[in-house]
>>> print(open('model_15.pdb').read())   # PDB, C-alpha atoms
ATOM      1  CA  PHE A 609       0.000   0.000   0.000
ATOM      2  CA  CYS A 610       2.632   2.563   1.056
ATOM      3  CA  LEU A 611       4.918   1.596  -1.793
ATOM      4  CA  GLN A 612       2.003   2.075  -4.199
ATOM      5  CA  VAL A 613       1.356   5.536  -2.721
ATOM      6  CA  ARG A 614       5.042   6.367  -3.093
ATOM      7  CA  ARG A 615       4.832   5.326  -6.783
ATOM      8  CA  GLY A 616       2.048   7.856  -7.235
ATOM      9  CA  ASP A 617      -1.014   5.614  -7.048
ATOM     10  CA  ALA A 618      -3.994   7.670  -5.850
ATOM     11  CA  LEU A 619      -4.849   5.531  -2.839
ATOM     12  CA  ASP A 620      -6.658   7.157   0.064
ATOM     13  CA  GLY A 621      -6.549   4.548   2.788
ATOM     14  CA  PHE A 622      -5.895   1.074   4.052
ATOM     15  CA  VAL A 623      -8.159  -0.497   6.676
ATOM     16  CA  PHE A 624      -7.330  -3.136   9.273
ATOM     17  CA  GLU A 625     -10.311  -4.947  10.717
ATOM     18  CA  ALA A 626      -9.856  -6.627  14.090
ATOM     19  CA  ARG A 627     -12.675  -9.155  14.013
ATOM     20  CA  GLY A 628     -13.927 -10.418  17.362
ATOM     21  CA  GLU A 629     -16.027  -8.692  19.991
ATOM     22  CA  SER A 630     -13.216  -8.779  22.542
ATOM     23  CA  TYR A 631     -11.023  -6.376  20.508
ATOM     24  CA  GLY A 632     -13.359  -3.407  20.857
ATOM     25  CA  ARG A 633     -15.677  -4.322  23.730
ATOM     26  CA  ASP A 634     -14.439  -1.434  25.910
ATOM     27  CA  LEU A 635     -12.046   1.463  25.559
ATOM     28  CA  LYS A 636      -9.165  -0.178  27.425
ATOM     29  CA  GLN A 637      -9.280  -3.299  25.259
ATOM     30  CA  PHE A 638      -9.680  -1.234  22.102
ATOM     31  CA  ALA A 639      -6.635   0.879  23.021
ATOM     32  CA  SER A 640      -4.654  -2.317  23.528
ATOM     33  CA  THR A 641      -5.842  -3.669  20.164
ATOM     34  CA  VAL A 642      -4.807  -0.482  18.364
ATOM     35  CA  HIS A 643      -1.416  -0.578  20.060
ATOM     36  CA  GLN A 644      -0.883  -4.222  19.049
ATOM     37  CA  VAL A 645      -1.866  -3.656  15.420
ATOM     38  CA  LEU A 646       0.197  -0.484  14.986
ATOM     39  CA  ALA A 647       3.196  -2.033  16.754
ATOM     40  CA  ALA A 648       2.997  -5.138  14.525
ATOM     41  CA  VAL A 649       2.781  -3.020  11.368
ATOM     42  CA  SER A 650       5.592  -0.773  12.571
ATOM     43  CA  ALA A 651       7.822  -3.742  13.390
ATOM     44  CA  GLY A 652       7.454  -4.921   9.789
ATOM     45  CA  ASP A 653       8.533  -1.589   8.271
ATOM     46  CA  PRO A 654      10.954  -2.469   5.440
ATOM     47  CA  THR A 655      13.024   0.666   6.159
ATOM     48  CA  GLY A 656      13.667  -0.476   9.727
ATOM     49  CA  VAL A 657      12.261   2.748  11.196
ATOM     50  CA  ASP A 658       9.774   0.939  13.506
ATOM     51  CA  CYS A 659       8.127   4.185  14.626
ATOM     52  CA  CYS A 660       6.223   2.493  17.470
ATOM     53  CA  ARG A 661       9.489   1.843  19.282
ATOM     54  CA  ARG A 662      10.036   5.592  19.564
ATOM     55  CA  ASN A 663       8.490   8.050  21.994
ATOM     56  CA  ILE A 664       4.921   7.903  20.691
ATOM     57  CA  GLY A 665       3.482  10.540  23.032
ATOM     58  CA  ARG A 666       5.807  13.357  22.031
ATOM     59  CA  ARG A 667       4.720  16.207  19.806
ATOM     60  CA  GLY A 668       6.884  15.386  16.744
ATOM     61  CA  TRP A 669       5.959  11.697  16.538
ATOM     62  CA  TYR A 670       3.746  10.431  13.716
ATOM     63  CA  PHE A 671       2.899   6.990  12.437
ATOM     64  CA  GLN A 672       4.762   5.966   9.309
ATOM     65  CA  PHE A 673       5.482   2.914   7.229
ATOM     66  CA  ALA A 674       8.098   2.708   4.472
ATOM     67  CA  ARG A 675       8.803   6.380   5.260
ATOM     68  CA  GLU A 676       5.240   7.261   4.240
ATOM     69  CA  PRO A 677       3.556   9.461   6.900
ATOM     70  CA  LEU A 678       0.111   8.108   7.756
ATOM     71  CA  PHE A 679      -2.881   9.631   9.528
ATOM     72  CA  VAL A 680      -4.480   7.024  11.809
ATOM     73  CA  THR A 681      -8.222   6.990  12.529
ATOM     74  CA  THR A 682      -9.883   4.275  14.600
ATOM     75  CA  PHE A 683     -13.454   3.067  15.087
ATOM     76  CA  ALA A 684     -14.929   0.653  17.631
ATOM     77  CA  PRO A 685     -18.321  -0.560  18.853
ATOM     78  CA  CYS A 686     -17.533   0.679  22.381
ATOM     79  CA  TYR A 687     -18.097   4.292  21.289
ATOM     80  CA  PRO A 688     -21.503   5.839  22.028
ATOM     81  CA  SER A 689     -23.587   7.532  19.327
ATOM     82  CA  SER A 690     -22.317  10.932  20.532
ATOM     83  CA  ASN A 691     -18.725  10.060  19.618
ATOM     84  CA  PRO A 692     -17.217  10.833  16.198
ATOM     85  CA  ARG A 693     -15.829   7.278  16.071
ATOM     86  CA  TYR A 694     -19.254   5.700  16.514
ATOM     87  CA  GLN A 695     -19.866   2.823  14.074
ATOM     88  CA  HIS A 696     -23.618   3.403  13.677
ATOM     89  CA  GLY A 697     -24.322  -0.168  14.773
ATOM     90  CA  GLN A 698     -22.413  -1.578  11.802
ATOM     91  CA  HIS A 699     -20.123  -4.572  12.369
ATOM     92  CA  PRO A 700     -20.519  -4.676  16.169
ATOM     93  CA  GLU A 701     -18.152  -7.654  16.283
ATOM     94  CA  SER A 702     -15.260  -5.665  14.780
ATOM     95  CA  CYS A 703     -13.158  -2.568  15.250
ATOM     96  CA  PHE A 704     -11.242  -0.758  12.526
ATOM     97  CA  ILE A 705      -7.958   1.053  12.079
ATOM     98  CA  LEU A 706      -7.782   3.308   9.027
ATOM     99  CA  LEU A 707      -4.375   4.388   7.721
ATOM    100  CA  GLN A 708      -4.534   7.396   5.411
ATOM    101  CA  PRO A 709      -1.449   8.680   3.583
ATOM    102  CA  GLU A 710      -0.871  12.341   4.378
ATOM    103  CA  GLU A 711      -0.391  12.753   0.624
ATOM    104  CA  SER A 712      -4.074  11.930   0.164
ATOM    105  CA  PHE A 713      -5.093  15.069   2.052
ATOM    106  CA  LEU A 714      -2.969  17.177  -0.284
ATOM    107  CA  ARG A 715      -4.426  15.476  -3.340
ATOM    108  CA  HIS A 716      -7.949  16.298  -2.115
ATOM    109  CA  ASP A 717      -7.022  19.923  -1.356
ATOM    110  CA  LEU A 718      -7.670  19.703   2.381
ATOM    111  CA  PRO A 719      -6.444  23.045   3.740
ATOM    112  CA  MET A 720      -3.745  23.242   6.378
ATOM    113  CA  ASP A 721      -4.778  22.437   9.927
ATOM    114  CA  LYS A 722      -5.931  25.344  12.046
ATOM    115  CA  PRO A 723      -6.782  25.927  15.704
ATOM    116  CA  ARG A 724     -10.292  25.378  16.994
ATOM    117  CA  SER A 725     -10.841  29.139  17.378
ATOM    118  CA  ALA A 726     -10.106  29.663  13.657
ATOM    119  CA  THR A 727     -12.987  27.376  12.630
ATOM    120  CA  ASN A 728     -15.918  29.178  11.035
ATOM    121  CA  TRP A 729     -18.717  27.119  12.585
ATOM    122  CA  GLU A 730     -21.714  29.112  11.308
ATOM    123  CA  GLN A 731     -20.581  29.754   7.731
ATOM    124  CA  PRO A 732     -17.901  27.194   6.893
ATOM    125  CA  GLU A 733     -15.292  28.668   4.562
ATOM    126  CA  ASP A 734     -13.473  25.502   3.529
ATOM    127  CA  VAL A 735     -13.755  21.722   3.642
ATOM    128  CA  ARG A 736     -12.070  21.555   7.065
ATOM    129  CA  ASP A 737     -14.679  23.957   8.494
ATOM    130  CA  ARG A 738     -17.482  21.949   6.839
ATOM    131  CA  ILE A 739     -16.230  18.676   8.320
ATOM    132  CA  ARG A 740     -15.935  20.153  11.814
ATOM    133  CA  SER A 741     -19.299  21.885  11.556
ATOM    134  CA  ASN A 742     -21.063  18.731  10.308
ATOM    135  CA  PHE A 743     -19.719  16.614  13.144
ATOM    136  CA  ARG A 744     -20.930  19.247  15.612
ATOM    137  CA  LYS A 745     -24.334  19.568  13.891
ATOM    138  CA  HIS A 746     -24.847  15.798  14.203
ATOM    139  CA  GLY A 747     -23.916  15.706  17.896
ATOM    140  CA  ARG A 748     -20.480  14.144  17.370
ATOM    141  CA  GLU A 749     -18.157  17.063  17.902
ATOM    142  CA  TYR A 750     -14.533  16.163  18.544
ATOM    143  CA  ARG A 751     -11.665  17.793  20.381
ATOM    144  CA  ILE A 752      -9.732  20.283  18.279
ATOM    145  CA  PRO A 753      -6.654  21.846  19.880
ATOM    146  CA  GLU A 754      -5.975  25.575  19.953
ATOM    147  CA  THR A 755      -2.615  24.877  18.356
ATOM    148  CA  VAL A 756      -1.541  22.975  15.263
ATOM    149  CA  ALA A 757       1.552  21.687  17.078
ATOM    150  CA  TYR A 758       0.150  18.824  19.156
ATOM    151  CA  PRO A 759       0.987  15.133  19.670
ATOM    152  CA  PRO A 760      -0.979  13.273  16.959
ATOM    153  CA  ALA A 761      -0.988  10.095  19.060
ATOM    154  CA  ASP A 762      -3.447  11.789  21.455
ATOM    155  CA  PHE A 763      -6.072  11.615  18.694
ATOM    156  CA  ILE A 764      -5.627   8.031  17.472
ATOM    157  CA  VAL A 765      -7.867   6.439  20.123
ATOM    158  CA  PRO A 766     -10.255   9.124  21.330
ATOM    159  CA  PRO A 767     -11.839   8.949  24.779
ATOM    160  CA  LEU A 768     -15.510   8.001  25.125
ATOM    161  CA  ASP A 769     -16.393  11.652  25.784
ATOM    162  CA  ALA A 770     -14.396  13.176  22.942
ATOM    163  CA  LEU A 771     -14.699  16.757  24.178
ATOM    164  CA  ASN A 772     -14.187  16.400  27.923
ATOM    165  CA  ASP A 773     -12.178  13.286  28.764
ATOM    166  CA  PRO A 774      -8.370  13.319  28.609
ATOM    167  CA  PRO A 775      -6.607  11.705  25.630
ATOM    168  CA  VAL A 776      -6.220   7.928  25.648
ATOM    169  CA  GLN A 777      -2.576   6.931  25.696
ATOM    170  CA  PHE A 778      -3.079   3.729  23.727
ATOM    171  CA  TRP A 779       0.659   3.028  23.610
ATOM    172  CA  CYS A 780       0.685   2.580  27.406
ATOM    173  CA  GLN A 781      -1.956  -0.154  27.419
ATOM    174  CA  ALA A 782      -0.865  -3.474  28.866
ATOM    175  CA  VAL A 783      -1.441  -6.495  26.707
ATOM    176  CA  ASP A 784      -2.918  -9.556  28.368
ATOM    177  CA  GLY A 785      -1.656 -12.954  27.293
ATOM    178  CA  ASP A 786      -4.702 -14.190  25.388
ATOM    179  CA  ASP A 787      -4.915 -11.121  23.182
ATOM    180  CA  ALA A 788      -1.163 -11.030  22.620
ATOM    181  CA  THR A 789      -1.230 -14.660  21.518
ATOM    182  CA  SER A 790      -4.138 -14.195  19.138
ATOM    183  CA  MET A 791      -2.573 -11.060  17.622
ATOM    184  CA  GLU A 792       0.741 -12.928  17.225
ATOM    185  CA  ASP A 793      -1.124 -15.751  15.495
ATOM    186  CA  ALA A 794      -2.799 -13.213  13.195
ATOM    187  CA  ARG A 795       0.605 -11.742  12.251
ATOM    188  CA  LYS A 796       1.868 -15.157  11.181
ATOM    189  CA  LYS A 797      -1.051 -15.738   8.784
TER     190      LYS A 797
END
>>> encode(input="model_15.pdb", output="structure tokens")
Amino acid sequence: FCLQVRRGDALDGFVFEARGESYGRDLKQFASTVHQVLAAVSAGDPTGVDCCRRNIGRRGWYFQFAREPLFVTTFAPCYPSSNPRYQHGQHPESCFILLQPEESFLRHDLPMDKPRSATNWEQPEDVRDRIRSNFRKHGREYRIPETVAYPPADFIVPPLDALNDPPVQFWCQAVDGDDATSMEDARKK
């Protein structure tokens, strides 16, 4: 996927599905699942970068594979209907990890990130404003920092209350033996 993007193929995303109710049954388990999947992908990076072995929580960190920067969005059945990562009742036995090449945002003319206070909520001026406004209009507003220099990892696994709860540090989640074994088995297939 990343090598195809690097070649110039107009690909917008790659989705991992973790099938099994246990992977997304609650936020703690979902955070652990995301950590396991991203760590497994990172460990297989052909460039040897293995970005998940670095300080994930720092401001300059970002997920990458084959030196391709990727935006990570996750979805799980544990999220309530008020959360932007709500799955609308679809595939309640699965959770999803979407990897989007940063290049895709450029190709679709998404404007540069901007602070929350710069969003025009009432009369959206650009696609970023429209996205933010639509999520708010549908009761699924998400946390937007007042700076564009923030740790992206804080937004990979959002809290259940996306506006008020602190960020979920998914990279700190312990892995219990059963899940580690099943994820290891999945990597071998």
>>> resolve_selection(input="model_15.pdb", expression="the PyMOL selection byres ((chain A and resi 661) around 10)", output="list in words")
Ala647, Ser650, Ala651, Val657, Asp658, Cys659, Cys660, Arg662, Asn663, Ile664 and Trp779 of chain A
>>> axis_aligned_box(input="model_15.pdb", around="segment 713-729 of chain A", padding_each_side="5 Å", output="JSON")
{"center_x": -10.8, "center_y": 22.4, "center_z": 7.0, "size_x": 25.7, "size_y": 24.6, "size_z": 30.7}
>>> resolve_selection(input="model_15.pdb", expression="the PyMOL selection byres ((chain A and resi 672-688) around 7)", output="VMD selection string")
chain A and resid 610 632 to 635 650 653 to 655 659 670 to 671 689 to 691 693 to 695 700 702 to 710 764 to 765 768
>>> write_last_selection(input="model_15.pdb", atoms="C-alpha atoms", output="short mmCIF file (atom, residue, chain, number, x, y, z; two decimals), in the frame of the given file")
data_model
loop_
_atom_site.label_atom_id
_atom_site.label_comp_id
_atom_site.auth_asym_id
_atom_site.auth_seq_id
_atom_site.Cartn_x
_atom_site.Cartn_y
_atom_site.Cartn_z
CA CYS A 610 2.63 2.56 1.06
CA GLY A 632 -13.36 -3.41 20.86
CA ARG A 633 -15.68 -4.32 23.73
CA ASP A 634 -14.44 -1.43 25.91
CA LEU A 635 -12.05 1.46 25.56
CA SER A 650 5.59 -0.77 12.57
CA ASP A 653 8.53 -1.59 8.27
CA PRO A 654 10.95 -2.47 5.44
CA THR A 655 13.02 0.67 6.16
CA CYS A 659 8.13 4.18 14.63
CA TYR A 670 3.75 10.43 13.72
CA PHE A 671 2.90 6.99 12.44
CA SER A 689 -23.59 7.53 19.33
CA SER A 690 -22.32 10.93 20.53
CA ASN A 691 -18.73 10.06 19.62
CA ARG A 693 -15.83 7.28 16.07
CA TYR A 694 -19.25 5.70 16.51
CA GLN A 695 -19.87 2.82 14.07
CA PRO A 700 -20.52 -4.68 16.17
CA SER A 702 -15.26 -5.66 14.78
CA CYS A 703 -13.16 -2.57 15.25
CA PHE A 704 -11.24 -0.76 12.53
CA ILE A 705 -7.96 1.05 12.08
CA LEU A 706 -7.78 3.31 9.03
CA LEU A 707 -4.38 4.39 7.72
CA GLN A 708 -4.53 7.40 5.41
CA PRO A 709 -1.45 8.68 3.58
CA GLU A 710 -0.87 12.34 4.38
CA ILE A 764 -5.63 8.03 17.47
CA VAL A 765 -7.87 6.44 20.12
CA LEU A 768 -15.51 8.00 25.12
#
>>> closest_residue(input="model_15.pdb", among="A:Gln698, A:Ser712, A:Thr755, A:Ser741", to="Arg724 of chain A", atoms="all atoms listed in the file")
A:Thr755
>>> atom_distance(input="model_15.pdb", atom1="atom CA of Gly621 of chain A", atom2="atom CA of Arg738 of chain A")
20.9 Å
>>> closest_residue(input="model_15.pdb", among="A:Arg751, A:Arg744, A:Arg667, A:Arg627", to="Pro766 of chain A", atoms="all atoms listed in the file")
A:Arg751
>>> atom_distance(input="model_15.pdb", atom1="atom CA of Gly628 of chain A", atom2="atom CA of Glu701 of chain A")
5.2 Å
>>> resolve_selection(input="model_15.pdb", expression="the PyMOL selection byres ((chain A and resi 723) around 12)", output="ChimeraX atom specification")
/A:720-722,724-728,736-737,740,751-758
>>> atom_distance(input="model_15.pdb", atom1="atom CA of Pro760 of chain A", atom2="atom CA of Val645 of chain A")
17.0 Å
>>> closest_residue(input="model_15.pdb", among="A:Leu718, A:Ala618, A:Ala770, A:Val649", to="Phe743 of chain A", atoms="only C-alpha atoms")
A:Ala770
>>> residues_around(input="model_15.pdb", residues="Asn742 of chain A", least_positions_apart="5", cutoff="12 Å", atoms="all atoms listed in the file", output="ChimeraX atom specification")
/A:692,728-732,735-737,747-750
>>> closest_residue(input="model_15.pdb", among="A:Glu733, A:Leu714, A:Arg614, A:Gln777", to="Val642 of chain A", atoms="all atoms listed in the file")
A:Gln777
